[in-house]
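Heads up: the structure comes next, in structure tokens.
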Amino acid sequence: MVFQTSVSSVSRSAPYCRDRRSHGKGQNWKLALMAGVLMTLNACSGEHEKPFSQSPISMNNQNQTSTGEQRIGLILPLTGPRAAIGLRMREAARLALPEGQKPGLDIFDSAQPGGAIKAAQAALAAKDRIVTGPLTAGETAQVADIVQPAHVPELAFTSDVQQARPGVWTMGLTPEQQVHRLVDASIADGRKHFAAFLPDTALGHAMGEGLAAACQEANLEPPKIVFHTDQPEDIATKMADLSAISARRAPQQTYTSSNSADDNQPSAINPVPDSTNDGTVSPTTPGGVAPANGGGVIAPPPFDALLLGDTGLNLARVITSLKNDQIDSLSAVRILGPMLWRSFDGKLGELRGAWYVAFDPKQRSGYVQRYQAVYQHAPSPVTDFAYDSVALAAALTRQNALDTASLTRPDGFMGVNGVFRLKADGRVLRDLGIYQILPGGGGQLVIPPSRHFQVNAPVQALPAPVQGRVAPKVTDGLTKTSFTP
């Protein structure tokens with residue numbers, strides 16, 4: 001699952017600087033990024049969408065005029081090409097805040113004439129105290145321009161961290177969140193020198209920016225970040241340069257892959273071939289790696305953690321280059337990867353010891369059961385963000401606590417997939433687990449999500465107003481509960 005953006009390949013190593021420009025990648029950069037993260041989530045779920053039986057409700061007959069009560073605005077595409085996503089997210093919002101419960105929920109269709117701008121204006125006219133949504137990065141910026149002057153917070157569903165700012169939170173799972181989690185865990189594991197070998201796509205650049213930011217925040221040296229095209233020669237050449245393989249091996253030493261059988265070569269069907277024909281692993285010696293031909297010890301590469309972002313055939317090509325350049329878990333390098341790997345980690349035995357981030361599926365199981373019981377079909381992963389946002393908005397609205405201090409409470413909130421925290425700058429941190437790839441493929445949870453936040457105060461959970469949940473215990477006006485298993 002790889003973007004096909006065609007951009008000249010570059011290398012970059014510089015301090016992180018956030019702005020809202022697209023870095024010359026064109027007007028489709030942000031939409032492509034959001035689409036990539038939605039694909040990431042769906043790839044991890046293994047769930048299949050079902051046709052919708054509901055008829056879309058227009059914005060005109062769906063809104064209610066505020067009569068003095070505190071209300072919440074929800075902006076989603078309920079008609080048009082993204083209606084399937086919007087309707088599922090509306091279902092999740094109704095699960096978090098059923099009709100008839102307070103505060104009231106005003107739902108606006110961003111696909112109607114006037115788009116997200118008119119929807120935001122309607123939310124202000126209805127005196128909604130907080131806006132959840134919209135879906136895309138461009139719409140998020142449009143809504144922010146309307147609601148921010150009125151000091152109305154916005155919990156947007158976009159995964160484009162460039163839209164994050166004080167008062168506007170990006171609730172989607174961003175590549176930056178995944179990379180920050182990997183860096184935090186790697187630092188705790190003793191890693192200090194980071195590098196990245198990433199596809200020259202919107203997703204790759206977002207991951208690179210996340211790595212640069214995470215290293216800067218941790219006061220580490222700037223990482224060496226290299227972007228590659230999908231050409232095998234480009235991947236091989238740039239990986240050799242990044243790994244400094246020529247300087248690491250003695251002149252008389254050579255190393256070639258032991259793969260020789262035609263059926264053991266990379267392909268779209270078999271993206272990750274076996275390391276050797278007989279399944280054996282090359283021996284190592286302290287401080288370096290012994291080549292397969294016994295030619296001596298090769299020094300480790302100039303980094304101890306390497307971030308990758310490819311999938312499919314390009315990942316197979318990257319793995320081949322890693323083997324040729326003697327980079328694996330045996331060379332004291334921790335390979336890091338995105339949540340996308342969760343959907344095919346059974347084929348990643350060649351990356352044994354590598355880490356990737358993912359939600360704990362057990363955490364979400366209660367939400368899935370309740371959603372299926374109400375709507376008779378499974379929720380798509382993107383609906384999780386609608387549930388979390390509306391439940392959070394409802395809980396704080398009931399307390400009359402829609403201020404920055406309450407929204408950014410340091411102990412965070414319990415959502416569908418675990419704990420998440422809103423930062424003052426608009427970023428959202430989610431409680432992601434670290435999975436390690438086993439020698440034969442597959443992932444094993446090695447660092448539970450709860451270690452990420454190191455919560456000292458009790459975590460406040462979102463309300464669970466769905467029949468069949470455990471009875472909530474009220475603590476400081478917020479319900480503290482969990483989904484039933």
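Lettering and numbering for the structure tokens are positional, with chains as A, B, ... in the shown order, residues counted from 1 in each chain, and ligands counted from 1 in the shown order.
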Next item on the list: Give me the residues within 12 Å of Val374 (chain A) as an MDAnalysis selection string, counting only C-alpha atoms and dropping any in the same chain fewer than 4 places off.
Entry: chainID A and resid 91:92 94:96 98 367:370 378:379 466:468
Output all heavy atoms of each residue in that selection to a file, as a CSV table (one decimal), in the first residue's frame.
chain,number,residue,atom,x,y,z
A,91,GLU,N,-22.7,7.4,12.8
A,91,GLU,CA,-23.2,6.3,13.7
A,91,GLU,C,-22.4,6.3,15.0
A,91,GLU,O,-22.9,6.1,16.0
A,91,GLU,CB,-23.0,5.0,12.9
A,91,GLU,CG,-24.0,4.8,11.8
A,91,GLU,CD,-23.8,3.5,11.0
A,91,GLU,OE1,-22.7,2.9,11.1
A,91,GLU,OE2,-24.7,3.1,10.3
A,92,ALA,N,-21.0,6.4,14.8
A,92,ALA,CA,-20.2,6.3,16.0
A,92,ALA,C,-20.5,7.5,17.0
A,92,ALA,O,-20.5,7.4,18.2
A,92,ALA,CB,-18.7,6.4,15.6
A,94,ARG,N,-23.4,9.0,17.3
A,94,ARG,CA,-24.6,8.7,18.0
A,94,ARG,C,-24.5,7.6,19.0
A,94,ARG,O,-25.2,7.6,20.0
A,94,ARG,CB,-25.7,8.3,16.9
A,94,ARG,CG,-26.2,9.4,16.1
A,94,ARG,CD,-26.9,10.4,17.1
A,94,ARG,NE,-27.6,11.5,16.3
A,94,ARG,CZ,-28.0,12.6,16.9
A,94,ARG,NH1,-27.8,12.8,18.2
A,94,ARG,NH2,-28.7,13.5,16.2
A,95,LEU,N,-23.5,6.8,18.9
A,95,LEU,CA,-23.2,5.8,19.9
A,95,LEU,C,-22.6,6.5,21.1
A,95,LEU,O,-22.9,6.1,22.3
A,95,LEU,CB,-22.2,4.8,19.3
A,95,LEU,CG,-22.1,3.4,20.0
A,95,LEU,CD1,-23.4,2.7,19.9
A,95,LEU,CD2,-21.0,2.6,19.4
A,96,ALA,N,-21.8,7.5,20.9
A,96,ALA,CA,-21.2,8.2,22.0
A,96,ALA,C,-22.2,9.1,22.7
A,96,ALA,O,-22.1,9.4,23.9
A,96,ALA,CB,-20.0,9.0,21.5
A,98,PRO,N,-26.2,9.4,22.3
A,98,PRO,CA,-27.5,9.1,21.7
A,98,PRO,C,-28.5,10.2,21.7
A,98,PRO,O,-28.4,11.1,22.6
A,98,PRO,CB,-28.0,7.9,22.6
A,98,PRO,CG,-26.8,7.4,23.3
A,98,PRO,CD,-25.9,8.6,23.5
A,367,TYR,N,-16.0,-1.8,22.1
A,367,TYR,CA,-16.6,-0.8,21.2
A,367,TYR,C,-17.1,-1.5,19.9
A,367,TYR,O,-18.3,-1.2,19.5
A,367,TYR,CB,-15.6,0.2,20.8
A,367,TYR,CG,-15.9,1.1,19.6
A,367,TYR,CD1,-16.9,2.1,19.7
A,367,TYR,CD2,-15.3,1.0,18.4
A,367,TYR,CE1,-17.3,2.9,18.7
A,367,TYR,CE2,-15.6,1.8,17.3
A,367,TYR,CZ,-16.6,2.7,17.5
A,367,TYR,OH,-17.0,3.5,16.4
A,368,VAL,N,-16.4,-2.4,19.4
A,368,VAL,CA,-16.8,-3.2,18.2
A,368,VAL,C,-18.1,-4.0,18.5
A,368,VAL,O,-19.0,-3.9,17.7
A,368,VAL,CB,-15.7,-4.1,17.7
A,368,VAL,CG1,-16.2,-5.0,16.5
A,368,VAL,CG2,-14.5,-3.3,17.2
A,369,GLN,N,-18.1,-4.6,19.6
A,369,GLN,CA,-19.3,-5.4,19.9
A,369,GLN,C,-20.5,-4.5,20.1
A,369,GLN,O,-21.6,-4.8,19.6
A,369,GLN,CB,-19.1,-6.2,21.2
A,369,GLN,CG,-18.0,-7.3,21.1
A,369,GLN,CD,-17.7,-7.9,22.4
A,369,GLN,OE1,-18.5,-7.7,23.4
A,369,GLN,NE2,-16.7,-8.7,22.5
A,370,ARG,N,-20.4,-3.4,20.8
A,370,ARG,CA,-21.5,-2.5,21.0
A,370,ARG,C,-22.0,-1.9,19.6
A,370,ARG,O,-23.2,-1.7,19.4
A,370,ARG,CB,-21.2,-1.4,22.0
A,370,ARG,CG,-20.7,-1.9,23.3
A,370,ARG,CD,-21.9,-2.3,24.2
A,370,ARG,NE,-22.7,-3.4,23.8
A,370,ARG,CZ,-22.4,-4.7,23.9
A,370,ARG,NH1,-21.3,-5.0,24.5
A,370,ARG,NH2,-23.2,-5.6,23.5
A,378,ALA,N,-19.9,-4.0,11.4
A,378,ALA,CA,-18.7,-3.6,12.1
A,378,ALA,C,-18.3,-2.2,11.8
A,378,ALA,O,-18.5,-1.7,10.7
A,378,ALA,CB,-17.6,-4.6,11.8
A,379,PRO,N,-17.7,-1.5,12.8
A,379,PRO,CA,-17.3,-0.2,12.5
A,379,PRO,C,-15.9,-0.2,11.8
A,379,PRO,O,-15.1,-1.0,12.0
A,379,PRO,CB,-17.1,0.4,14.0
A,379,PRO,CG,-16.7,-0.8,14.8
A,379,PRO,CD,-17.5,-2.0,14.2
A,466,VAL,N,-23.9,3.3,26.5
A,466,VAL,CA,-24.4,2.3,25.6
A,466,VAL,C,-24.9,1.1,26.5
A,466,VAL,O,-24.2,0.7,27.4
A,466,VAL,CB,-23.4,1.8,24.6
A,466,VAL,CG1,-24.0,0.7,23.7
A,466,VAL,CG2,-22.8,2.9,23.8
A,467,GLN,N,-26.1,0.7,26.3
A,467,GLN,CA,-26.6,-0.4,27.1
A,467,GLN,C,-25.7,-1.6,26.9
A,467,GLN,O,-25.3,-2.0,25.9
A,467,GLN,CB,-28.1,-0.8,26.6
A,467,GLN,CG,-28.7,-1.8,27.5
A,467,GLN,CD,-30.2,-2.0,27.1
A,467,GLN,OE1,-30.6,-1.5,26.1
A,467,GLN,NE2,-30.9,-2.7,27.9
A,468,GLY,N,-25.4,-2.3,28.1
A,468,GLY,CA,-24.6,-3.4,28.1
A,468,GLY,C,-23.2,-3.1,28.5
A,468,GLY,O,-22.4,-4.1,28.8
Which residues come within 9 Å of His180 (chain A), counting only C-alpha atoms, excluding same-chain residues fewer than 6 positions away, as a compact mmCIF listing (two decimals) with C-alpha atoms, in the first residue's frame?
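In the end it all went to out-v1.txt:
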# COMPACT_ATOMS: atom_id res chain seq x y z
CA GLY A 210 7.95 13.33 12.65
CA LEU A 211 11.37 11.74 13.16
CA ALA A 213 10.74 16.61 15.44
CA ALA A 214 11.01 13.69 17.87
CA CYS A 215 14.80 13.75 17.81
CA LEU A 429 -0.79 11.68 21.53
Residues of region 167-200 of chain A at most 9 Å from region 431-437 of chain A: nearest atom pair and distance in Å, only C-alpha atoms, as JSON lines:
{"residue": "A:Gln177", "atom": "CA", "partner": "A:Leu432", "partner_atom": "CA", "distance": 8.8}
{"residue": "A:Gln178", "atom": "CA", "partner": "A:Leu432", "partner_atom": "CA", "distance": 7.7}
{"residue": "A:Arg181", "atom": "CA", "partner": "A:Leu432", "partner_atom": "CA", "distance": 6.9}
{"residue": "A:Leu182", "atom": "CA", "partner": "A:Ile434", "partner_atom": "CA", "distance": 7.5}
{"residue": "A:Ala185", "atom": "CA", "partner": "A:Ile434", "partner_atom": "CA", "distance": 7.8}
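Interatomic distance, CA of Gln101 (chain A) to CA of Ala373 (chain A): 19.6 Å.
What separates CA of Asp200 (chain A) from CA of His228 (chain A) is a distance of 5.4 Å.
In this structure, CA of Leu78 (chain A) sits 20.2 Å away from CA of Ala125 (chain A).
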Assign secondary structure with DSSP using the backbone only, and return the residues of region 327-472 of chain A in alpha helix (DSSP H) as a PDB file with N, CA and C atoms, in the first residue's frame.
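Final file, part_22.pdb:
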ATOM      1  N   PRO A 361      -5.670  -4.603  20.059  1.00  0.00           N
ATOM      2  CA  PRO A 361      -7.033  -4.929  19.589  1.00  0.00           C
ATOM      3  C   PRO A 361      -7.987  -5.277  20.723  1.00  0.00           C
ATOM      4  N   LYS A 362      -7.466  -5.739  21.844  1.00  0.00           N
ATOM      5  CA  LYS A 362      -8.339  -6.067  22.970  1.00  0.00           C
ATOM      6  C   LYS A 362      -9.030  -4.821  23.503  1.00  0.00           C
ATOM      7  N   GLN A 363      -8.350  -3.682  23.425  1.00  0.00           N
ATOM      8  CA  GLN A 363      -8.923  -2.452  23.941  1.00  0.00           C
ATOM      9  C   GLN A 363     -10.171  -2.054  23.156  1.00  0.00           C
ATOM     10  N   ARG A 364     -10.183  -2.335  21.872  1.00  0.00           N
ATOM     11  CA  ARG A 364     -11.261  -1.894  20.986  1.00  0.00           C
ATOM     12  C   ARG A 364     -12.421  -2.882  20.923  1.00  0.00           C
ATOM     13  N   SER A 365     -12.242  -4.071  21.452  1.00  0.00           N
ATOM     14  CA  SER A 365     -13.217  -5.133  21.239  1.00  0.00           C
ATOM     15  C   SER A 365     -14.599  -4.785  21.786  1.00  0.00           C
ATOM     16  N   GLY A 366     -14.657  -4.113  22.935  1.00  0.00           N
ATOM     17  CA  GLY A 366     -15.951  -3.757  23.487  1.00  0.00           C
ATOM     18  C   GLY A 366     -16.703  -2.782  22.606  1.00  0.00           C
ATOM     19  N   TYR A 367     -15.975  -1.794  22.072  1.00  0.00           N
ATOM     20  CA  TYR A 367     -16.593  -0.829  21.166  1.00  0.00           C
ATOM     21  C   TYR A 367     -17.136  -1.518  19.924  1.00  0.00           C
ATOM     22  N   VAL A 368     -16.367  -2.445  19.372  1.00  0.00           N
ATOM     23  CA  VAL A 368     -16.813  -3.166  18.172  1.00  0.00           C
ATOM     24  C   VAL A 368     -18.082  -3.952  18.459  1.00  0.00           C
ATOM     25  N   GLN A 369     -18.138  -4.613  19.600  1.00  0.00           N
ATOM     26  CA  GLN A 369     -19.320  -5.399  19.941  1.00  0.00           C
ATOM     27  C   GLN A 369     -20.548  -4.505  20.087  1.00  0.00           C
ATOM     28  N   ARG A 370     -20.395  -3.388  20.754  1.00  0.00           N
ATOM     29  CA  ARG A 370     -21.536  -2.495  20.972  1.00  0.00           C
ATOM     30  C   ARG A 370     -22.007  -1.877  19.648  1.00  0.00           C
ATOM     31  N   TYR A 371     -21.056  -1.488  18.823  1.00  0.00           N
ATOM     32  CA  TYR A 371     -21.398  -0.906  17.522  1.00  0.00           C
ATOM     33  C   TYR A 371     -22.170  -1.920  16.673  1.00  0.00           C
ATOM     34  N   GLN A 372     -21.674  -3.156  16.636  1.00  0.00           N
ATOM     35  CA  GLN A 372     -22.338  -4.190  15.851  1.00  0.00           C
ATOM     36  C   GLN A 372     -23.734  -4.487  16.391  1.00  0.00           C
ATOM     37  N   ALA A 373     -23.874  -4.446  17.719  1.00  0.00           N
ATOM     38  CA  ALA A 373     -25.179  -4.729  18.312  1.00  0.00           C
ATOM     39  C   ALA A 373     -26.208  -3.675  17.929  1.00  0.00           C
ATOM     40  N   VAL A 374     -25.768  -2.433  17.795  1.00  0.00           N
ATOM     41  CA  VAL A 374     -26.686  -1.339  17.479  1.00  0.00           C
ATOM     42  C   VAL A 374     -26.936  -1.232  15.978  1.00  0.00           C
ATOM     43  N   TYR A 375     -25.887  -1.367  15.164  1.00  0.00           N
ATOM     44  CA  TYR A 375     -26.007  -1.076  13.736  1.00  0.00           C
ATOM     45  C   TYR A 375     -25.944  -2.318  12.839  1.00  0.00           C
ATOM     46  N   THR A 383     -14.015   5.423  12.399  1.00  0.00           N
ATOM     47  CA  THR A 383     -15.133   5.817  13.265  1.00  0.00           C
ATOM     48  C   THR A 383     -14.691   6.013  14.701  1.00  0.00           C
ATOM     49  N   ASP A 384     -13.579   5.401  15.064  1.00  0.00           N
ATOM     50  CA  ASP A 384     -13.089   5.529  16.438  1.00  0.00           C
ATOM     51  C   ASP A 384     -12.872   6.990  16.815  1.00  0.00           C
ATOM     52  N   PHE A 385     -12.384   7.776  15.862  1.00  0.00           N
ATOM     53  CA  PHE A 385     -12.066   9.168  16.149  1.00  0.00           C
ATOM     54  C   PHE A 385     -13.330   9.989  16.358  1.00  0.00           C
ATOM     55  N   ALA A 386     -14.392   9.647  15.637  1.00  0.00           N
ATOM     56  CA  ALA A 386     -15.661  10.340  15.845  1.00  0.00           C
ATOM     57  C   ALA A 386     -16.220  10.025  17.221  1.00  0.00           C
ATOM     58  N   TYR A 387     -16.149   8.761  17.614  1.00  0.00           N
ATOM     59  CA  TYR A 387     -16.638   8.391  18.945  1.00  0.00           C
ATOM     60  C   TYR A 387     -15.848   9.125  20.030  1.00  0.00           C
ATOM     61  N   ASP A 388     -14.522   9.061  19.953  1.00  0.00           N
ATOM     62  CA  ASP A 388     -13.689   9.705  20.971  1.00  0.00           C
ATOM     63  C   ASP A 388     -13.973  11.202  21.052  1.00  0.00           C
ATOM     64  N   SER A 389     -14.067  11.849  19.895  1.00  0.00           N
ATOM     65  CA  SER A 389     -14.227  13.305  19.874  1.00  0.00           C
ATOM     66  C   SER A 389     -15.564  13.732  20.463  1.00  0.00           C
ATOM     67  N   VAL A 390     -16.635  13.066  20.039  1.00  0.00           N
ATOM     68  CA  VAL A 390     -17.961  13.449  20.529  1.00  0.00           C
ATOM     69  C   VAL A 390     -18.115  13.093  22.003  1.00  0.00           C
ATOM     70  N   ALA A 391     -17.609  11.933  22.428  1.00  0.00           N
ATOM     71  CA  ALA A 391     -17.696  11.559  23.832  1.00  0.00           C
ATOM     72  C   ALA A 391     -16.917  12.532  24.709  1.00  0.00           C
ATOM     73  N   LEU A 392     -15.737  12.933  24.256  1.00  0.00           N
ATOM     74  CA  LEU A 392     -14.942  13.900  25.008  1.00  0.00           C
ATOM     75  C   LEU A 392     -15.645  15.248  25.076  1.00  0.00           C
ATOM     76  N   ALA A 393     -16.163  15.711  23.933  1.00  0.00           N
ATOM     77  CA  ALA A 393     -16.861  16.993  23.903  1.00  0.00           C
ATOM     78  C   ALA A 393     -18.076  16.975  24.821  1.00  0.00           C
ATOM     79  N   ALA A 394     -18.813  15.861  24.823  1.00  0.00           N
ATOM     80  CA  ALA A 394     -20.004  15.769  25.668  1.00  0.00           C
ATOM     81  C   ALA A 394     -19.636  15.778  27.140  1.00  0.00           C
ATOM     82  N   ALA A 395     -18.593  15.028  27.513  1.00  0.00           N
ATOM     83  CA  ALA A 395     -18.199  14.955  28.915  1.00  0.00           C
ATOM     84  C   ALA A 395     -17.783  16.327  29.451  1.00  0.00           C
ATOM     85  N   LEU A 396     -16.986  17.063  28.673  1.00  0.00           N
ATOM     86  CA  LEU A 396     -16.520  18.368  29.141  1.00  0.00           C
ATOM     87  C   LEU A 396     -17.611  19.421  29.055  1.00  0.00           C
ATOM     88  N   THR A 397     -18.505  19.291  28.089  1.00  0.00           N
ATOM     89  CA  THR A 397     -19.616  20.247  27.996  1.00  0.00           C
ATOM     90  C   THR A 397     -20.523  20.118  29.219  1.00  0.00           C
ATOM     91  N   ARG A 398     -20.779  18.904  29.654  1.00  0.00           N
ATOM     92  CA  ARG A 398     -21.614  18.711  30.847  1.00  0.00           C
ATOM     93  C   ARG A 398     -20.996  19.365  32.076  1.00  0.00           C
ATOM     94  N   THR A 404      -8.939  25.292  27.568  1.00  0.00           N
ATOM     95  CA  THR A 404      -7.689  24.622  27.188  1.00  0.00           C
ATOM     96  C   THR A 404      -7.153  23.757  28.306  1.00  0.00           C
ATOM     97  N   ALA A 405      -7.239  24.218  29.543  1.00  0.00           N
ATOM     98  CA  ALA A 405      -6.708  23.440  30.661  1.00  0.00           C
ATOM     99  C   ALA A 405      -7.419  22.095  30.794  1.00  0.00           C
ATOM    100  N   SER A 406      -8.744  22.096  30.613  1.00  0.00           N
ATOM    101  CA  SER A 406      -9.500  20.849  30.730  1.00  0.00           C
ATOM    102  C   SER A 406      -9.255  19.931  29.533  1.00  0.00           C
ATOM    103  N   LEU A 407      -9.196  20.503  28.346  1.00  0.00           N
ATOM    104  CA  LEU A 407      -8.968  19.703  27.153  1.00  0.00           C
ATOM    105  C   LEU A 407      -7.575  19.076  27.139  1.00  0.00           C
ATOM    106  N   SER A 450       0.415   1.209  27.932  1.00  0.00           N
ATOM    107  CA  SER A 450       0.361   2.004  29.158  1.00  0.00           C
ATOM    108  C   SER A 450       1.693   2.606  29.542  1.00  0.00           C
ATOM    109  N   ARG A 451       2.801   2.100  29.009  1.00  0.00           N
ATOM    110  CA  ARG A 451       4.108   2.644  29.368  1.00  0.00           C
ATOM    111  C   ARG A 451       4.424   3.957  28.657  1.00  0.00           C
ATOM    112  N   HIS A 452       3.665   4.235  27.612  1.00  0.00           N
ATOM    113  CA  HIS A 452       3.967   5.430  26.815  1.00  0.00           C
ATOM    114  C   HIS A 452       3.755   6.706  27.591  1.00  0.00           C
ATOM    115  N   PHE A 453       2.611   6.798  28.301  1.00  0.00           N
ATOM    116  CA  PHE A 453       2.249   8.050  28.933  1.00  0.00           C
ATOM    117  C   PHE A 453       2.786   8.186  30.344  1.00  0.00           C
TER     118      PHE A 453
END
Next item on the list: Kindly indicate which residue among A:Val428, A:Leu445, A:Val416, A:Val147 lies nearest to Gly172 (chain A), using only C-alpha atoms for the distances.
Entry: A:Val428
Checklist line | Residue with smallest distance to Arg129 (chain A) - pool A:Leu242, A:Leu422, A:Leu402, A:Ala206, counting only C-alpha atoms | finding: A:Leu402
Next item on the list: Do a neighbour search on region 326-332 of chain A at 6 Å with only C-alpha atoms, toss out local chain neighbours closer than 3 positions, and write the hits as a list in words.
Entry: Val289, Pro300, Leu322, Lys323 and Gly353 of chain A
Could you take the residues named above and write them with N, CA, C and O atoms, as a compact mmCIF listing (two decimals), in the first residue's frame?
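Produced file selection.txt, reproduced below:
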# COMPACT_ATOMS: atom_id res chain seq x y z
N VAL A 289 29.32 -7.65 12.20
CA VAL A 289 28.60 -8.77 11.61
C VAL A 289 29.55 -9.54 10.72
O VAL A 289 30.28 -8.95 9.92
N PRO A 300 29.50 -1.93 12.47
CA PRO A 300 28.07 -1.56 12.43
C PRO A 300 27.88 -0.25 11.68
O PRO A 300 28.80 0.55 11.53
N LEU A 322 18.94 -4.00 2.70
CA LEU A 322 19.37 -4.13 4.10
C LEU A 322 20.28 -5.34 4.27
O LEU A 322 21.31 -5.27 4.95
N LYS A 323 19.90 -6.46 3.64
CA LYS A 323 20.72 -7.66 3.75
C LYS A 323 22.07 -7.46 3.08
O LYS A 323 23.11 -7.83 3.62
N GLY A 353 13.04 -8.94 14.95
CA GLY A 353 13.57 -7.98 15.90
C GLY A 353 13.11 -6.56 15.65
O GLY A 353 13.30 -5.69 16.50
